[in-house]
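For reference, the structure discussed in these notes is given below.
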Amino acid sequence: MTTTTPPSKRIAIIGAGVTGMTAAWDMVRQGHSVDLYETGSEVGGLAAGFRDDGWDWSLEKFYHHWFQTDSDMLRLIDEIGQSQKVIFPRPKTSYWMDGNIYRSEMNASVFKLPLSWVSILRMGLAGVYLKFLTRNWRALEQVTADSWMRRWMGEEAYARLWKPLLIGKFSERYAEVNMAWLWARIYTRSIRLGTFEGGFQAFLNALANAIRERGARIHLNTPVEAIGQQNGKPTLTLNGETRTYDRVISTTSPQIMLKLVPALRDTPYGQQIASLESIGGLCVVFALKQSLLTDGTYWLNLPATSADKRANPFPFLALVEHTNYMDKAHYGGDVLVYCGDYVPTNHEYFQLSDQALTERFMPALAQVNPQFKPDWIRKTWVWRAPYAQPLPGVHHSARVPALQTPLPGVYWASMSQVYPYDRGTNFAVEIGRRVAAMAQTNL
Ligand SMILES: Cc1cc2nc3c(=O)[nH]c(=O)nc-3n(C[C@H](O)[C@H](O)[C@H](O)COP(=O)(O)OP(=O)(O)OC[C@H]3O[C@@H](n4cnc5c(N)ncnc54)[C@H](O)[C@@H]3O)c2cc1C
């Protein structure tokens, strides 16, 4: 008896971030001919890293770590034979409150927080409910996080711990975010935080190599200009040239997707994409000669009381001393500190020069450590991402566009569609696999 292998099909994937590379990995292993197109000069998208002279490891442009619950990511790493490089230390995460640093873990350390006993008890009960007792996110998406937290956690714990987080993340839009978003964050997180030896970029390069070894072609510095149709098949325009494929999977932001496919704009699907909202993110990274958070804190949540940055005690949301998580020996002895924030793309933080933004953030270093002197700074970098955090309002599930677009053979998978989960590389793997499986049906 002879068996026939189905003929390999031509697949194009737009974007070599985690979603696109995962889809490519699944497609190429099914024997398809895969072209992966990436605008940037390296793979990795939002999770990519950079490296300075004298560093053995790369550092993520935007702070990144995994949770022990990130099963889709851990399975993918296993599939490419790299599990031995995943490490899961238990770094210290903290809140800044009233000029002091308090641990922010959901365990006995909460009793040290400067909150009343009633607030601590209510926070504990609500935390246990969200973490262990409910998976009914559909009920939670009907209310805002602001109203749910006020009601069940109480005004004090909400105002002092959770509202600042929401304001920091969503600026003046904080009160619109639904409770399913906050549930998903609490439900999926672990105390141990994971990374890859060599940094996330080392993992991303290993994934890209695994894809290439199976025969896929990764075209860097190659922006796709348009997605169209010819004789019932999807086409891509690149450098003014048109190429025909059997399937096209785009993993870009909603804004770019609409630009790439003008034919979608006037469809209900296009209007659904246009209605998706998101917020930008940015990090100023300092390479210092001395440690700033000398108590060993890795992640320090800073209080935001207003969407007006100048009215807040600090000009950004989180101060992250990466080298309190990973050994500074990997970075030529540099102490690496991120100052991270989220703002709409029309905010001045997206208009200021790199130097002006760095100068705006720098005084905060002396606020958390009065010993800090500007001559501790060896070097700085500024990274900005206009599409960094989708914003889910109430009843959001009805607004999430399907992975299959109305254009035959064209699919779209992005951070905006991993809902109810928050964006994250684990969910990029999950949606990358889902879109690859869907695109292969009836192929
Ligand atoms: C500040 C910040 C912190 C984060 N922290 C974490 C964390 O701790 N842990 C975690 O797991 N995740 C974290 N994330 C989320 C994580 O980075 C994303 O969920 C994930 O990287 C999204 O992958 P993606 O492939 O869907 O999108 P992207 O990484 O955005 O990839 C899309 C790719 O498409 C390319 N592209 C766009 N247009 C075109 C075009 N026309 N032609 C060709 N290519 C194109 C882009 O260059 C990009 O490389 C964080 C994100 C941010 C912004």
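Residue numbers start at 1 in each chain; chains themselves are named A, B, ... in the order of the structure tokens; ligands are numbered from 1 in the order shown.
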Practice task
Write out as a list in words the residues lying within 12 Å of Gln271 of chain A, counting only C-alpha atoms and excluding same-chain residues fewer than 5 positions away.
Solution key: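 Non-adjacent residues within range: Pro254, Gln255, Met257, Leu258, Pro262, Ala263, Leu264, Arg265, Asp266, Leu276, Arg399, Val400 and Pro401 of chain A.
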Write the residues of the preceding selection, restricted to N, CA and C atoms, as a CSV table (one decimal), in the first residue's frame.
```
chain,number,residue,atom,x,y,z
A,254,PRO,N,-3.2,46.0,15.5
A,254,PRO,CA,-4.5,46.3,14.7
A,254,PRO,C,-4.3,47.5,13.7
A,255,GLN,N,-3.6,48.5,14.1
A,255,GLN,CA,-3.4,49.7,13.3
A,255,GLN,C,-2.7,49.3,12.0
A,257,MET,N,-2.5,46.3,10.7
A,257,MET,CA,-3.3,45.3,9.9
A,257,MET,C,-4.3,46.1,9.1
A,258,LEU,N,-4.9,47.1,9.6
A,258,LEU,CA,-5.8,47.9,8.8
A,258,LEU,C,-5.1,48.6,7.6
A,262,PRO,N,-6.4,47.4,2.9
A,262,PRO,CA,-7.4,48.4,2.8
A,262,PRO,C,-8.8,47.9,2.5
A,263,ALA,N,-8.9,46.7,1.9
A,263,ALA,CA,-10.2,46.1,1.6
A,263,ALA,C,-11.0,45.8,2.8
A,264,LEU,N,-10.3,45.7,4.0
A,264,LEU,CA,-11.1,45.3,5.2
A,264,LEU,C,-11.8,46.5,5.8
A,265,ARG,N,-11.3,47.7,5.5
A,265,ARG,CA,-11.6,48.9,6.3
A,265,ARG,C,-13.1,49.1,6.4
A,266,ASP,N,-13.9,48.9,5.3
A,266,ASP,CA,-15.3,49.1,5.3
A,266,ASP,C,-16.1,47.9,5.7
A,276,LEU,N,-10.6,48.4,18.4
A,276,LEU,CA,-9.8,47.9,19.5
A,276,LEU,C,-8.9,49.1,20.0
A,399,ARG,N,-16.2,42.0,21.4
A,399,ARG,CA,-15.5,42.9,20.5
A,399,ARG,C,-14.2,42.3,19.9
A,400,VAL,N,-13.8,41.1,20.4
A,400,VAL,CA,-12.5,40.6,19.9
A,400,VAL,C,-12.7,39.9,18.5
A,401,PRO,N,-11.9,40.4,17.5
A,401,PRO,CA,-12.1,39.9,16.2
A,401,PRO,C,-11.6,38.4,16.1
```
Handout entry: Distance filter 7 Å around ligand 1, atoms: only C-alpha atoms and all ligand atoms, out as a ChimeraX atom specification
Key = /A:14-20,37-40,43-47,62-66,222-225,251-253,256,260,281-282,385,388-389,414-415,423-428
Problem - Neighbour list for segment 143-153 of chain A as a VMD selection string, cut-off 8 Å, only C-alpha atoms, skip fewer than 3 positions in-chain - result: chain A and resid 119 122 to 123 126 139 to 140 157 to 158 163 174 to 182 393 to 394
Exercise for the section: Calculate how many Å separate atom CA of Asp52 of chain A from atom CA of Phe88 of chain A, rounding to one decimal. Expected result: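 Atom CA of Phe88 of chain A lies 24.3 Å from atom CA of Asp52 of chain A.
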Problem - Filtered DSSP result for segment 27-151 of chain A, state alpha helix (DSSP H), as a PyMOL selection string - result: chain A and resi 27-29+71-79+117-128+137-140+145-151
Exercise for the section: Using only C-alpha atoms, determine which residues lie at most 12 Å from Gly232 of chain A, disregarding the query and same-chain residues fewer than 5 positions distant; provide the list as a ChimeraX atom specification. Expected result: /A:244-247,407-410
